[in-house]
Amino acid sequence: MKAPKTACQHALALAIWWAICGAAIELTPAHAGTDRSPASAPHVTHILWLQGSSARLNPIVAYLKEQLPAVRHEALEVNAVRSWKMVQRGEPACRPSTVHTRAREAEAYFADTLLAPPPELVLRRDKLHLLPRDAEGAADLRALLAQKRLRGAFARGRSFGDAVDALLVAEQQSKNPMLADYATAAWGDRMRDMLARDRTDYLIDAPGALLQLQKLGLAAEDYIALPIHGATEPLVLGIACPRNAWGRAAIRAIDQALGTPAGAARLREIGKDWLSAEARERYAPQIEQFFQRRSKPLDPE
């Protein structure tokens, strides 16, 4: 029997998971590799898996290696921004854990795999009185960005779901001087220093980020993590392959391998490592519905 995980262990697991996900926020249109009407399906013999770290094979990829033994599976360590550009260019490579958004469906085929908790806003407590909030106490990110009173930061190359991504993209395009994006390398250390030295007022990050920052030396009582208005539902994670003939063939093979009762059970077990007991209880209906659907091929389009 596994020992119960502490809050810090859950936070660490979730931070690692988001780093593996590396879901890029991309401002450019679909690249030439995009193929909305793929013709013949090529035979897929090799998949290059784009991971934030090649030191540990993504557990879903490890399962697919067992289920697709005729395919050669190779991991490549690459950052989030570059990996998404490779998918956009139509290269024969897939991202094992990518936030599935409507915007990305124009550039990639998806095989959904897991649900993840929504992002949070981590704020310096001495700035709380300046934060616009809704009736439930969630941060009103749209109003916050419009006010241009507080300095915000987020990791370049991550996605936080359709609602938050749309706000961030719009603010970047309008060159909001109060919002900055930073490379994901050494993200935790960089953000700890920026918060501690009062160089930023808030972060948009994965759940558990506050616990991770505390482990890096921040005082718990000086910061607060809040949900974001309009972004409180779980995120759908999936495998993303290029939206071309090769990508469609690859994603169909992947989806067939995952779309069984055994595949759904394995994904459910993997997902438990990244969700706290509180999150599993809060999102229990959505989780159950998701894995019921996942127990069959989803025939992604």
# chains A, B, ... in the order shown; residues from 1 in each chain; ligands from 1

$ select_by_dssp --residues "region 143-192 of chain A" --states "helix (DSSP H, G or I)" --output "PyMOL selection string"
chain A and resi 143-147+162-173+187-192

$ residues_around --residues "Arg142 (chain A)" --least-positions-apart "5" --cutoff "9 Å" --atoms "only C-alpha atoms" --output "list in words"
Gln147, Val164, Leu167 and His229 of chain A

$ write_last_selection --atoms "N, CA, C and O atoms" --output "PDB file, in the first residue's frame"
ATOM      1  N   GLN A 147      -7.091  47.055 -15.498  1.00  0.00           N
ATOM      2  CA  GLN A 147      -6.746  48.122 -14.565  1.00  0.00           C
ATOM      3  C   GLN A 147      -5.291  48.561 -14.671  1.00  0.00           C
ATOM      4  O   GLN A 147      -4.957  49.717 -14.410  1.00  0.00           O
ATOM      5  N   VAL A 164      -8.321  31.682 -20.033  1.00  0.00           N
ATOM      6  CA  VAL A 164      -7.146  32.428 -19.587  1.00  0.00           C
ATOM      7  C   VAL A 164      -6.208  32.696 -20.762  1.00  0.00           C
ATOM      8  O   VAL A 164      -5.665  33.804 -20.895  1.00  0.00           O
ATOM      9  N   LEU A 167      -7.262  35.740 -22.782  1.00  0.00           N
ATOM     10  CA  LEU A 167      -6.952  37.004 -22.112  1.00  0.00           C
ATOM     11  C   LEU A 167      -5.470  37.341 -22.228  1.00  0.00           C
ATOM     12  O   LEU A 167      -5.100  38.482 -22.523  1.00  0.00           O
ATOM     13  N   HIS A 229     -11.517  33.653 -11.998  1.00  0.00           N
ATOM     14  CA  HIS A 229     -12.898  33.732 -12.470  1.00  0.00           C
ATOM     15  C   HIS A 229     -13.007  33.259 -13.923  1.00  0.00           C
ATOM     16  O   HIS A 229     -12.214  33.655 -14.776  1.00  0.00           O
TER      17      HIS A 229
END

$ closest_atom_pairs --of "region 70-164 of chain A" --to "region 249-265 of chain A" --cutoff "12 Å" --atoms "only C-alpha atoms" --output "tab-separated table"
residue	atom	partner	partner_atom	distance
A:Ala70	CA	A:Ala253	CA	11.2
A:Val71	CA	A:Ala250	CA	9.9
A:Arg72	CA	A:Ala250	CA	12.0
A:His73	CA	A:Ala250	CA	11.7
A:Glu91	CA	A:Ala250	CA	11.9
A:Pro92	CA	A:Ala250	CA	8.8
A:Ala93	CA	A:Ala250	CA	9.2
A:Cys94	CA	A:Ala250	CA	8.6
A:Arg95	CA	A:Ile251	CA	10.9
A:Pro96	CA	A:Ile254	CA	10.5
A:Ala108	CA	A:Ile251	CA	9.6
A:Tyr109	CA	A:Ile251	CA	6.6
A:Phe110	CA	A:Ile251	CA	6.7
A:Ala111	CA	A:Asp255	CA	5.6
A:Asp112	CA	A:Asp255	CA	8.2
A:Thr113	CA	A:Leu258	CA	8.0
A:Leu114	CA	A:Ala264	CA	9.4

$ write_last_selection --atoms "N, CA, C and O atoms" --output "PDB file, in the first residue's frame"
ATOM      1  N   ALA A  70       5.082  -2.386 -32.141  1.00  0.00           N
ATOM      2  CA  ALA A  70       5.624  -2.305 -33.500  1.00  0.00           C
ATOM      3  C   ALA A  70       6.111  -0.897 -33.833  1.00  0.00           C
ATOM      4  O   ALA A  70       6.785  -0.702 -34.857  1.00  0.00           O
ATOM      5  N   VAL A  71       5.778   0.058 -32.985  1.00  0.00           N
ATOM      6  CA  VAL A  71       6.192   1.444 -33.196  1.00  0.00           C
ATOM      7  C   VAL A  71       7.433   1.727 -32.351  1.00  0.00           C
ATOM      8  O   VAL A  71       7.496   1.351 -31.177  1.00  0.00           O
ATOM      9  N   ARG A  72       8.416   2.381 -32.947  1.00  0.00           N
ATOM     10  CA  ARG A  72       9.595   2.793 -32.182  1.00  0.00           C
ATOM     11  C   ARG A  72       9.291   4.119 -31.492  1.00  0.00           C
ATOM     12  O   ARG A  72       8.914   5.097 -32.136  1.00  0.00           O
ATOM     13  N   HIS A  73       9.443   4.141 -30.184  1.00  0.00           N
ATOM     14  CA  HIS A  73       9.132   5.319 -29.381  1.00  0.00           C
ATOM     15  C   HIS A  73      10.436   5.954 -28.903  1.00  0.00           C
ATOM     16  O   HIS A  73      11.248   5.306 -28.240  1.00  0.00           O
ATOM     17  N   GLU A  91       6.012  18.184 -38.160  1.00  0.00           N
ATOM     18  CA  GLU A  91       7.053  17.176 -38.009  1.00  0.00           C
ATOM     19  C   GLU A  91       6.461  15.904 -37.394  1.00  0.00           C
ATOM     20  O   GLU A  91       5.480  15.966 -36.646  1.00  0.00           O
ATOM     21  N   PRO A  92       7.040  14.740 -37.678  1.00  0.00           N
ATOM     22  CA  PRO A  92       6.506  13.468 -37.161  1.00  0.00           C
ATOM     23  C   PRO A  92       6.825  13.292 -35.683  1.00  0.00           C
ATOM     24  O   PRO A  92       7.627  12.447 -35.285  1.00  0.00           O
ATOM     25  N   ALA A  93       6.200  14.114 -34.869  1.00  0.00           N
ATOM     26  CA  ALA A  93       6.452  14.124 -33.429  1.00  0.00           C
ATOM     27  C   ALA A  93       5.163  14.476 -32.705  1.00  0.00           C
ATOM     28  O   ALA A  93       4.294  15.160 -33.258  1.00  0.00           O
ATOM     29  N   CYS A  94       5.044  14.011 -31.464  1.00  0.00           N
ATOM     30  CA  CYS A  94       3.837  14.262 -30.673  1.00  0.00           C
ATOM     31  C   CYS A  94       4.217  14.733 -29.279  1.00  0.00           C
ATOM     32  O   CYS A  94       5.268  14.355 -28.744  1.00  0.00           O
ATOM     33  N   ARG A  95       3.344  15.542 -28.701  1.00  0.00           N
ATOM     34  CA  ARG A  95       3.531  15.986 -27.317  1.00  0.00           C
ATOM     35  C   ARG A  95       2.651  15.119 -26.425  1.00  0.00           C
ATOM     36  O   ARG A  95       1.439  15.063 -26.611  1.00  0.00           O
ATOM     37  N   PRO A  96       3.226  14.441 -25.442  1.00  0.00           N
ATOM     38  CA  PRO A  96       2.451  13.475 -24.663  1.00  0.00           C
ATOM     39  C   PRO A  96       1.427  14.073 -23.719  1.00  0.00           C
ATOM     40  O   PRO A  96       0.455  13.408 -23.374  1.00  0.00           O
ATOM     41  N   ALA A 108      -3.557  20.730 -34.437  1.00  0.00           N
ATOM     42  CA  ALA A 108      -3.139  19.411 -33.955  1.00  0.00           C
ATOM     43  C   ALA A 108      -4.341  18.496 -33.799  1.00  0.00           C
ATOM     44  O   ALA A 108      -5.465  18.954 -33.575  1.00  0.00           O
ATOM     45  N   TYR A 109      -4.076  17.197 -33.926  1.00  0.00           N
ATOM     46  CA  TYR A 109      -5.051  16.178 -33.543  1.00  0.00           C
ATOM     47  C   TYR A 109      -4.782  15.814 -32.087  1.00  0.00           C
ATOM     48  O   TYR A 109      -3.626  15.787 -31.657  1.00  0.00           O
ATOM     49  N   PHE A 110      -5.836  15.510 -31.360  1.00  0.00           N
ATOM     50  CA  PHE A 110      -5.698  15.203 -29.932  1.00  0.00           C
ATOM     51  C   PHE A 110      -6.290  13.842 -29.600  1.00  0.00           C
ATOM     52  O   PHE A 110      -7.324  13.449 -30.141  1.00  0.00           O
ATOM     53  N   ALA A 111      -5.632  13.149 -28.683  1.00  0.00           N
ATOM     54  CA  ALA A 111      -6.202  11.989 -27.997  1.00  0.00           C
ATOM     55  C   ALA A 111      -6.216  12.364 -26.518  1.00  0.00           C
ATOM     56  O   ALA A 111      -5.165  12.428 -25.874  1.00  0.00           O
ATOM     57  N   ASP A 112      -7.395  12.641 -25.983  1.00  0.00           N
ATOM     58  CA  ASP A 112      -7.506  13.100 -24.596  1.00  0.00           C
ATOM     59  C   ASP A 112      -7.113  11.991 -23.630  1.00  0.00           C
ATOM     60  O   ASP A 112      -7.432  10.813 -23.846  1.00  0.00           O
ATOM     61  N   THR A 113      -6.430  12.378 -22.558  1.00  0.00           N
ATOM     62  CA  THR A 113      -5.889  11.379 -21.641  1.00  0.00           C
ATOM     63  C   THR A 113      -6.270  11.598 -20.182  1.00  0.00           C
ATOM     64  O   THR A 113      -6.537  10.642 -19.465  1.00  0.00           O
ATOM     65  N   LEU A 114      -6.273  12.853 -19.711  1.00  0.00           N
ATOM     66  CA  LEU A 114      -6.454  13.124 -18.287  1.00  0.00           C
ATOM     67  C   LEU A 114      -7.175  14.441 -18.066  1.00  0.00           C
ATOM     68  O   LEU A 114      -7.275  15.269 -18.980  1.00  0.00           O
TER      69      LEU A 114
END

$ atom_distance --atom1 "CA of Asp165 (chain A)" --atom2 "CA of Arg82 (chain A)"
18.0 Å

$ atom_distance --atom1 "CA of Ile204 (chain A)" --atom2 "CA of Gly152 (chain A)"
7.6 Å

$ closest_atom_pairs --of "region 220-301 of chain A" --to "region 101-106 of chain A" --cutoff "10 Å" --atoms "only C-alpha atoms" --output "CSV"
residue,atom,partner,partner_atom,distance
A:Leu235,CA,A:Thr101,CA,8.7
A:Val236,CA,A:Thr101,CA,8.0
A:Leu237,CA,A:Thr101,CA,9.0
A:Gly238,CA,A:Thr101,CA,9.8
A:Ala240,CA,A:Arg104,CA,9.0
A:Pro242,CA,A:Ala106,CA,9.8
A:Arg243,CA,A:Ala106,CA,7.5
A:Glu301,CA,A:Glu105,CA,8.7

$ residues_around --residues "Tyr202 (chain A)" --least-positions-apart "6" --cutoff "10 Å" --atoms "only C-alpha atoms" --output "ChimeraX atom specification"
/A:121-125,127-128,131,150-154,179,191,194-195,223-225

$ closest_residue --among "A:Gly90, A:Gly230, A:Gly52, A:Pro59" --to "Val78 (chain A)" --atoms "only C-alpha atoms"
A:Gly52

$ select_by_dssp --residues "region 86-217 of chain A" --states "strand (DSSP E or B)" --output "ChimeraX atom specification"
/A:93-99,108-116,120-124,133,139,152-155,179-182,202-205

$ write_last_selection --atoms "C-alpha atoms" --output "mmCIF file, in the first residue's frame"
data_model
loop_
_atom_site.group_PDB
_atom_site.id
_atom_site.type_symbol
_atom_site.label_atom_id
_atom_site.label_comp_id
_atom_site.auth_asym_id
_atom_site.auth_seq_id
_atom_site.Cartn_x
_atom_site.Cartn_y
_atom_site.Cartn_z
ATOM 1 C CA ALA A 93 6.452 14.124 -33.429
ATOM 2 C CA CYS A 94 3.837 14.262 -30.673
ATOM 3 C CA ARG A 95 3.531 15.986 -27.317
ATOM 4 C CA PRO A 96 2.451 13.475 -24.663
ATOM 5 C CA SER A 97 0.675 15.904 -22.331
ATOM 6 C CA THR A 98 -0.768 19.065 -23.811
ATOM 7 C CA VAL A 99 -3.672 21.190 -22.633
ATOM 8 C CA ALA A 108 -3.139 19.411 -33.955
ATOM 9 C CA TYR A 109 -5.051 16.178 -33.543
ATOM 10 C CA PHE A 110 -5.698 15.203 -29.932
ATOM 11 C CA ALA A 111 -6.202 11.989 -27.997
ATOM 12 C CA ASP A 112 -7.506 13.100 -24.596
ATOM 13 C CA THR A 113 -5.889 11.379 -21.641
ATOM 14 C CA LEU A 114 -6.454 13.124 -18.287
ATOM 15 C CA LEU A 115 -8.127 15.925 -16.398
ATOM 16 C CA ALA A 116 -6.014 18.461 -14.506
ATOM 17 C CA GLU A 120 -4.400 29.690 -9.958
ATOM 18 C CA LEU A 121 -3.323 33.266 -9.363
ATOM 19 C CA VAL A 122 -0.572 33.549 -6.731
ATOM 20 C CA LEU A 123 -0.551 37.042 -5.228
ATOM 21 C CA ARG A 124 1.494 39.024 -2.756
ATOM 22 C CA ARG A 133 -12.585 39.595 -7.269
ATOM 23 C CA ALA A 139 -9.578 36.683 -9.026
ATOM 24 C CA GLY A 152 1.809 39.985 -13.441
ATOM 25 C CA ALA A 153 3.947 37.165 -14.821
ATOM 26 C CA PHE A 154 3.497 33.710 -16.328
ATOM 27 C CA ALA A 155 5.652 31.019 -17.908
ATOM 28 C CA LEU A 179 2.184 41.647 -17.911
ATOM 29 C CA ALA A 180 5.383 39.710 -18.631
ATOM 30 C CA ASP A 181 6.106 36.179 -19.790
ATOM 31 C CA TYR A 182 9.305 34.357 -18.901
ATOM 32 C CA TYR A 202 1.225 38.027 -8.992
ATOM 33 C CA LEU A 203 1.815 34.867 -10.997
ATOM 34 C CA ILE A 204 -0.489 32.772 -13.120
ATOM 35 C CA ASP A 205 0.565 29.200 -12.541
#

$ atom_distance --atom1 "CA of Arg268 (chain A)" --atom2 "CA of Thr232 (chain A)"
20.9 Å

$ closest_residue --among "A:His43, A:Arg192, A:His100, A:Lys65" --to "Arg248 (chain A)" --atoms "only C-alpha atoms"
A:His43

$ residues_around --residues "Ala55 (chain A)" --least-positions-apart "6" --cutoff "12 Å" --atoms "only C-alpha atoms" --output "list in words"
Ile20, Ala75, Leu76, Glu77 and Val78 of chain A

$ write_last_selection --atoms "N, CA and C atoms" --output "compact mmCIF listing (two decimals), in the first residue's frame"
# COMPACT_ATOMS: atom_id res chain seq x y z
N ILE A 20 6.08 18.80 -17.63
CA ILE A 20 6.06 17.81 -18.71
C ILE A 20 5.06 18.22 -19.77
N ALA A 75 12.13 9.53 -27.06
CA ALA A 75 11.89 10.77 -26.32
C ALA A 75 12.94 11.81 -26.68
N LEU A 76 12.47 13.03 -26.87
CA LEU A 76 13.37 14.15 -27.15
C LEU A 76 13.10 15.25 -26.14
N GLU A 77 14.14 15.70 -25.46
CA GLU A 77 14.01 16.79 -24.49
C GLU A 77 13.99 18.12 -25.23
N VAL A 78 12.90 18.85 -25.08
CA VAL A 78 12.72 20.09 -25.80
C VAL A 78 11.79 20.99 -25.00
